[in-house]
file protein.cif (mmCIF, C-alpha atoms)
data_upload
#
loop_
_atom_site.label_atom_id
_atom_site.label_comp_id
_atom_site.auth_asym_id
_atom_site.auth_seq_id
_atom_site.Cartn_x
_atom_site.Cartn_y
_atom_site.Cartn_z
CA MET A 1 -49.69 -38.51 33.89
CA SER A 2 -53.42 -39.24 34.23
CA VAL A 3 -54.84 -42.75 34.37
CA THR A 4 -56.35 -42.18 30.92
CA GLU A 5 -52.94 -41.24 29.52
CA LEU A 6 -51.37 -44.28 31.17
CA VAL A 7 -54.03 -46.56 29.71
CA GLN A 8 -53.46 -45.00 26.29
CA ARG A 9 -49.78 -46.00 26.55
CA SER A 10 -50.65 -49.67 27.03
CA GLU A 11 -49.66 -51.94 24.14
CA LEU A 12 -53.23 -53.22 24.14
CA PHE A 13 -54.30 -50.05 22.32
CA SER A 14 -51.25 -49.55 20.10
CA GLY A 15 -52.36 -48.71 16.55
CA LEU A 16 -55.64 -47.08 17.54
CA THR A 17 -56.38 -43.38 17.18
CA PRO A 18 -56.67 -41.27 20.36
CA GLU A 19 -60.43 -41.02 19.70
CA GLN A 20 -60.77 -44.80 19.51
CA VAL A 21 -58.76 -45.25 22.70
CA GLU A 22 -60.95 -42.69 24.45
CA ARG A 23 -64.03 -44.71 23.48
CA ILE A 24 -62.52 -47.79 25.11
CA VAL A 25 -61.24 -45.95 28.17
CA ALA A 26 -64.75 -44.57 28.75
CA LEU A 27 -65.97 -48.15 29.24
CA GLY A 28 -63.77 -48.90 32.24
CA HIS A 29 -63.04 -47.79 35.76
CA GLU A 30 -60.05 -47.41 38.06
CA GLU A 31 -59.26 -49.68 41.02
CA ILE A 32 -56.52 -49.36 43.61
CA CYS A 33 -55.11 -52.35 45.47
CA ASN A 34 -52.44 -53.01 48.06
CA ALA A 35 -49.75 -55.63 48.58
CA GLY A 36 -51.29 -59.03 49.30
CA ASP A 37 -54.68 -58.29 47.74
CA VAL A 38 -55.90 -61.10 45.47
CA ILE A 39 -57.25 -59.46 42.32
CA ILE A 40 -58.34 -62.58 40.47
CA ARG A 41 -58.32 -66.19 41.58
CA GLU A 42 -57.52 -69.25 39.47
CA GLY A 43 -60.66 -71.19 38.55
CA ASP A 44 -63.08 -68.32 39.18
CA PRO A 45 -65.42 -67.13 36.44
CA SER A 46 -63.91 -64.31 34.42
CA ASP A 47 -65.60 -61.03 33.66
CA GLU A 48 -62.92 -58.38 33.34
CA VAL A 49 -59.60 -57.49 31.77
CA TYR A 50 -57.05 -55.38 33.70
CA ILE A 51 -54.40 -52.86 32.69
CA ILE A 52 -51.71 -51.93 35.22
CA CYS A 53 -51.32 -48.13 35.32
CA LYS A 54 -48.95 -48.10 38.30
CA GLY A 55 -47.39 -50.67 40.62
CA MET A 56 -46.88 -54.39 40.22
CA VAL A 57 -48.74 -57.69 40.48
CA GLU A 58 -47.64 -61.32 40.62
CA VAL A 59 -49.18 -64.08 38.50
CA GLU A 60 -49.35 -67.46 40.25
CA VAL A 61 -50.67 -70.91 39.42
CA SER A 62 -51.51 -73.66 41.88
CA GLN A 63 -49.35 -76.74 42.12
CA ASP A 64 -50.49 -80.21 43.12
CA ALA A 65 -51.75 -80.36 46.70
CA ILE A 66 -49.28 -81.84 49.17
CA PRO A 67 -50.66 -85.06 50.71
CA ASP A 68 -51.49 -84.80 54.41
CA VAL A 69 -50.92 -81.03 54.40
CA PRO A 70 -54.16 -79.16 55.10
CA GLY A 71 -55.14 -75.99 53.30
CA PRO A 72 -55.10 -74.94 49.67
CA PRO A 73 -52.38 -76.23 47.31
CA PRO A 74 -49.17 -74.14 47.15
CA LEU A 75 -48.85 -71.46 44.46
CA SER A 76 -45.99 -71.19 41.99
CA SER A 77 -45.07 -67.74 40.66
CA LEU A 78 -45.06 -67.36 36.86
CA VAL A 79 -44.17 -63.72 36.40
CA ARG A 80 -44.49 -60.25 37.87
CA LEU A 81 -46.24 -57.65 35.74
CA GLY A 82 -45.66 -53.92 36.02
CA LYS A 83 -46.76 -50.66 34.43
CA GLY A 84 -48.50 -50.95 31.07
CA GLN A 85 -49.08 -54.70 31.26
CA VAL A 86 -52.39 -56.45 30.80
CA PHE A 87 -53.80 -59.44 32.66
CA GLY A 88 -57.08 -61.29 32.51
CA GLU A 89 -56.81 -61.30 28.72
CA VAL A 90 -56.76 -65.10 28.42
CA ALA A 91 -60.35 -65.28 29.60
CA LEU A 92 -61.19 -62.34 27.35
CA VAL A 93 -60.17 -64.47 24.39
CA ASP A 94 -61.39 -67.94 25.34
CA ARG A 95 -64.16 -67.08 27.86
CA GLY A 96 -62.94 -69.84 30.16
CA ALA A 97 -62.33 -69.68 33.91
CA ARG A 98 -59.36 -67.75 35.28
CA SER A 99 -56.14 -69.59 34.36
CA ALA A 100 -54.08 -68.09 37.20
CA THR A 101 -54.26 -66.18 40.45
CA VAL A 102 -53.07 -62.57 40.34
CA ARG A 103 -51.92 -60.94 43.58
CA CYS A 104 -50.90 -57.33 44.14
CA VAL A 105 -47.29 -56.91 45.33
CA GLU A 106 -47.04 -53.11 45.74
CA ASP A 107 -49.20 -50.84 47.86
CA GLY A 108 -51.12 -48.30 45.82
CA THR A 109 -51.12 -50.32 42.61
CA VAL A 110 -53.52 -48.67 40.14
CA LEU A 111 -55.51 -50.85 37.75
CA TYR A 112 -57.83 -49.96 34.92
CA VAL A 113 -60.63 -52.49 34.62
CA ILE A 114 -62.85 -53.13 31.61
CA SER A 115 -65.73 -55.60 31.60
CA ARG A 116 -65.37 -58.45 29.10
CA GLN A 117 -68.95 -58.13 27.89
CA THR A 118 -68.68 -54.40 27.23
CA PHE A 119 -65.32 -54.88 25.58
CA TRP A 120 -66.64 -57.60 23.26
CA LYS A 121 -69.62 -55.45 22.32
CA LEU A 122 -67.29 -52.64 21.29
CA CYS A 123 -65.05 -55.00 19.26
CA GLU A 124 -68.03 -56.56 17.50
CA GLY A 125 -69.50 -53.13 16.77
CA ASP A 126 -66.24 -51.78 15.33
CA HIS A 127 -64.25 -54.50 13.59
CA HIS A 128 -61.18 -52.30 13.11
CA ILE A 129 -60.89 -51.76 16.87
CA GLY A 130 -61.60 -55.47 17.37
CA PHE A 131 -58.87 -56.51 14.93
CA VAL A 132 -56.24 -54.16 16.37
CA VAL A 133 -56.98 -55.08 19.98
CA MET A 134 -57.01 -58.83 19.26
CA ARG A 135 -53.71 -58.51 17.32
CA ASN A 136 -52.22 -56.68 20.29
CA ILE A 137 -53.49 -59.33 22.70
CA ALA A 138 -51.89 -62.01 20.50
CA ALA A 139 -48.59 -60.07 20.50
CA ASP A 140 -48.78 -59.68 24.29
CA LEU A 141 -49.42 -63.40 24.82
CA SER A 142 -46.46 -64.17 22.50
CA PHE A 143 -44.24 -61.84 24.53
CA LYS A 144 -45.28 -63.54 27.76
CA LEU A 145 -44.54 -66.94 26.20
CA ARG A 146 -41.10 -65.75 25.08
CA HIS A 147 -40.46 -64.44 28.60
CA ARG A 148 -41.46 -67.81 30.04
CA ASN A 149 -39.23 -69.67 27.57
CA LEU A 150 -36.25 -67.47 28.46
CA GLN A 151 -37.01 -67.90 32.14
CA MET A 152 -37.00 -71.69 31.73
CA ARG A 153 -33.79 -71.64 29.66
CA LEU A 154 -31.78 -69.20 31.78
CA ALA A 155 -33.10 -69.84 35.26
CA GLY A 156 -35.20 -72.98 34.93
CA GLY A 157 -33.35 -74.88 37.60
CA GLU A 158 -33.76 -72.06 40.06
CA LEU A 159 -37.54 -71.68 40.01
CA MET B 1 -40.64 -44.96 22.25
CA ILE B 2 -42.01 -47.30 24.91
CA TYR B 3 -39.74 -50.17 25.95
CA LYS B 4 -41.52 -53.36 26.90
CA VAL B 5 -38.94 -55.28 28.87
CA SER B 6 -38.82 -58.95 29.89
CA TYR B 7 -36.61 -59.28 32.98
CA VAL B 8 -35.26 -62.75 33.69
CA VAL B 9 -33.52 -63.21 37.03
CA ILE B 10 -30.58 -65.55 37.48
CA GLY B 11 -28.86 -66.34 40.76
CA LYS B 12 -31.98 -66.80 42.86
CA PRO B 13 -35.46 -68.27 42.43
CA HIS B 14 -37.55 -65.51 40.89
CA ALA B 15 -40.17 -65.56 38.15
CA GLY B 16 -38.90 -62.35 36.57
CA ALA B 17 -41.05 -59.48 35.42
CA ILE B 18 -42.48 -57.69 32.41
CA VAL B 19 -42.59 -53.90 32.60
CA ASN B 20 -43.05 -50.93 30.24
CA GLN B 21 -40.40 -48.21 30.56
CA ASP B 22 -39.71 -44.87 28.93
CA THR B 23 -35.95 -45.46 28.73
CA PRO B 24 -34.10 -48.62 27.70
CA PRO B 25 -32.20 -50.55 30.38
CA ARG B 26 -28.43 -50.82 29.94
CA VAL B 27 -25.85 -53.29 31.21
CA GLY B 28 -24.69 -52.16 34.64
CA ASP B 29 -28.00 -50.47 35.54
CA GLN B 30 -29.77 -51.33 38.76
CA VAL B 31 -33.49 -52.00 38.49
CA GLU B 32 -36.13 -52.42 41.17
CA LEU B 33 -38.78 -55.04 40.58
CA GLY B 34 -41.47 -55.28 43.22
CA GLY B 35 -39.24 -53.99 46.02
CA GLU B 36 -36.14 -56.04 45.12
CA THR B 37 -33.06 -54.60 43.43
CA PHE B 38 -31.23 -56.32 40.57
CA ASN B 39 -28.15 -55.61 38.42
CA VAL B 40 -28.62 -55.74 34.64
CA VAL B 41 -26.05 -58.09 33.07
CA GLU B 42 -27.41 -58.45 29.51
CA VAL B 43 -29.81 -56.56 27.22
CA VAL B 44 -30.94 -57.91 23.84
CA ASP B 45 -33.68 -57.09 21.33
CA LEU B 46 -36.34 -59.75 21.75
CA THR B 47 -38.47 -59.01 18.67
CA PRO B 48 -38.52 -56.19 16.08
CA GLN B 49 -40.02 -52.84 17.02
CA ARG B 50 -43.71 -52.41 16.25
CA GLY B 51 -45.33 -48.98 16.24
CA GLU B 52 -44.01 -47.03 19.20
CA PHE B 53 -43.00 -50.19 21.09
CA ALA B 54 -39.54 -51.78 21.36
CA TYR B 55 -39.27 -55.26 22.86
CA LEU B 56 -36.24 -56.06 25.00
CA HIS B 57 -34.98 -58.98 27.04
CA VAL B 58 -32.87 -58.32 30.12
CA THR B 59 -30.96 -60.83 32.20
CA CYS B 60 -30.29 -59.61 35.72
CA ARG B 61 -28.85 -60.78 39.02
CA PRO B 62 -29.80 -59.81 42.60
CA ALA B 63 -27.84 -56.75 43.69
CA GLN B 64 -25.38 -57.35 46.51
CA LYS B 65 -26.60 -55.85 49.75
CA LYS B 66 -24.26 -53.24 51.20
CA THR B 67 -22.95 -54.18 54.63
#
call {"tool": "encode", "arguments": {"input": "protein.cif", "output": "structure tokens"}}
result
Amino acid sequence: MSVTELVQRSELFSGLTPEQVERIVALGHEEICNAGDVIIREGDPSDEVYIICKGMVEVEVSQDAIPDVPGPPPLSSLVRLGKGQVFGEVALVDRGARSATVRCVEDGTVLYVISRQTFWKLCEGDHHIGFVVMRNIAADLSFKLRHRNLQMRLAGGEL
Amino acid sequence: MIYKVSYVVIGKPHAGAIVNQDTPPRVGDQVELGGETFNVVEVVDLTPQRGEFAYLHVTCRPAQKKT
């Protein structure tokens, strides 16, 4: 399956016609990363949204720094995201700084990257695409929240 | 149908994972998440299907290593 076909199967574009998806896919580019690579860093300015075509990443947030321990504060893992998932969408919606660090956990992970500015321009130029994509982003954020709630309820003491 | 699956791990500290799959997981399956293997112990519908997507929650435990 080609990267374009994999991107088309992302929930982000569910409800759009193949022609509309092709217009969006034409705006982005492919990136490949390996285990340990930091893709985005918490607190950095945000410019892009990512779709995972293959492989897996880990989403982490920083905890409070440990007194008298040099170096950056420790990171706490929130979730791992695999094929078809989207990240970087929080900043796409609120235009704030990155809310988490995302690190690649599998060699050869394939990402599809779309610039926020280009993406917004498309959504503002075609309100149907904008509505569908924003609805899908809302559904994706709800799913991630439900996952987090279940994680806290079922395994909260183990994190 | 595309199955968007929320995997929650019990039995060890793990943040779980969210993955799209072409086939639904079933109780008793083994799944690999980022290089680690887990046994599926529960599968439930998380939210109603929408379009070509089904939304599932899976509880899983680390698979026992063979000695």
call {"tool": "resolve_selection", "arguments": {"input": "protein.cif", "expression": "the PyMOL selection byres ((chain B) within 7 of (chain A))", "output": "number ranges by chain"}}
result
B: 6, 8-10, 12-20, 34
call {"tool": "atom_distance", "arguments": {"input": "protein.cif", "atom1": "CA of Phe119 (chain A)", "atom2": "CA of Val90 (chain A)"}}
result
13.6 Å
call {"tool": "resolve_selection", "arguments": {"input": "protein.cif", "expression": "the PyMOL selection byres ((chain A and resi 19-28) around 10)", "output": "PyMOL selection string"}}
result
chain A and resi 3-5+7-9+12-18+29-31+48-50+112-115+118-119+122-123+126+128-129
call {"tool": "residues_around", "arguments": {"input": "protein.cif", "residues": "Asp44 (chain A)", "least_positions_apart": "3", "cutoff": "9 Å", "atoms": "all atoms listed in the file", "output": "ChimeraX atom specification"}}
result
/A:40-41,97-99
call {"tool": "resolve_selection", "arguments": {"input": "protein.cif", "expression": "the PyMOL selection byres ((chain B and resi 21) around 8)", "output": "compact mmCIF listing (two decimals) with C-alpha atoms, keeping the file's coordinate frame"}}
result
# COMPACT_ATOMS: atom_id res chain seq x y z
CA LYS A 83 -46.76 -50.66 34.43
CA ILE B 2 -42.01 -47.30 24.91
CA TYR B 3 -39.74 -50.17 25.95
CA LYS B 4 -41.52 -53.36 26.90
CA VAL B 5 -38.94 -55.28 28.87
CA VAL B 19 -42.59 -53.90 32.60
CA ASN B 20 -43.05 -50.93 30.24
CA ASP B 22 -39.71 -44.87 28.93
CA THR B 23 -35.95 -45.46 28.73
CA PRO B 24 -34.10 -48.62 27.70
call {"tool": "residues_around", "arguments": {"input": "protein.cif", "residues": "Gly96 (chain A)", "least_positions_apart": "2", "cutoff": "12 Å", "atoms": "all atoms listed in the file", "output": "ChimeraX atom specification"}}
result
/A:42-48,88-94,98-100,116
call {"tool": "closest_residue", "arguments": {"input": "protein.cif", "among": "B:Val40, B:Leu33, B:Leu46, B:Val58", "to": "Tyr7 (chain B)", "atoms": "only C-alpha atoms"}}
result
B:Val58
call {"tool": "atom_distance", "arguments": {"input": "protein.cif", "atom1": "CA of Thr47 (chain B)", "atom2": "CA of Ile137 (chain A)"}}
result
15.6 Å
call {"tool": "atom_distance", "arguments": {"input": "protein.cif", "atom1": "CA of Thr101 (chain A)", "atom2": "CA of Ala63 (chain B)"}}
result
28.2 Å
call {"tool": "residues_around", "arguments": {"input": "protein.cif", "residues": "Glu32 (chain B)", "least_positions_apart": "5", "cutoff": "10 Å", "atoms": "only C-alpha atoms", "output": "PyMOL selection string"}}
result
chain B and resi 37-39+62-63
call {"tool": "build_atoms", "arguments": {"input": "protein.cif", "residues": "region 22-35 of chain B", "atoms": "N, CA and C atoms", "output": "tab-separated table (two decimals), keeping the file's coordinate frame"}}
result
chain	number	residue	atom	x	y	z
B	22	ASP	N	-39.92	-45.96	29.89
B	22	ASP	CA	-39.71	-44.87	28.93
B	22	ASP	C	-38.28	-44.82	28.43
B	23	THR	N	-37.36	-45.44	29.16
B	23	THR	CA	-35.95	-45.46	28.73
B	23	THR	C	-35.47	-46.91	28.71
B	24	PRO	N	-34.57	-47.23	27.79
B	24	PRO	CA	-34.10	-48.62	27.70
B	24	PRO	C	-33.13	-48.96	28.83
B	25	PRO	N	-33.19	-50.15	29.38
B	25	PRO	CA	-32.20	-50.55	30.38
B	25	PRO	C	-30.84	-50.76	29.71
B	26	ARG	N	-29.78	-50.59	30.47
B	26	ARG	CA	-28.43	-50.82	29.94
B	26	ARG	C	-27.66	-51.72	30.92
B	27	VAL	N	-26.69	-52.44	30.36
B	27	VAL	CA	-25.85	-53.29	31.21
B	27	VAL	C	-25.20	-52.44	32.28
B	28	GLY	N	-25.26	-52.90	33.52
B	28	GLY	CA	-24.69	-52.16	34.64
B	28	GLY	C	-25.74	-51.38	35.43
B	29	ASP	N	-26.92	-51.16	34.82
B	29	ASP	CA	-28.00	-50.47	35.54
B	29	ASP	C	-28.47	-51.30	36.73
B	30	GLN	N	-29.04	-50.63	37.70
B	30	GLN	CA	-29.77	-51.33	38.76
B	30	GLN	C	-31.25	-51.09	38.54
B	31	VAL	N	-32.04	-52.14	38.67
B	31	VAL	CA	-33.49	-52.00	38.49
B	31	VAL	C	-34.19	-52.54	39.73
B	32	GLU	N	-35.33	-51.94	40.04
B	32	GLU	CA	-36.13	-52.42	41.17
B	32	GLU	C	-37.39	-53.06	40.62
B	33	LEU	N	-37.61	-54.29	41.03
B	33	LEU	CA	-38.78	-55.04	40.58
B	33	LEU	C	-39.55	-55.51	41.80
B	34	GLY	N	-40.65	-54.86	42.10
B	34	GLY	CA	-41.47	-55.28	43.22
B	34	GLY	C	-40.74	-55.21	44.55
B	35	GLY	N	-39.92	-54.18	44.74
B	35	GLY	CA	-39.24	-53.99	46.02
B	35	GLY	C	-37.89	-54.65	46.12
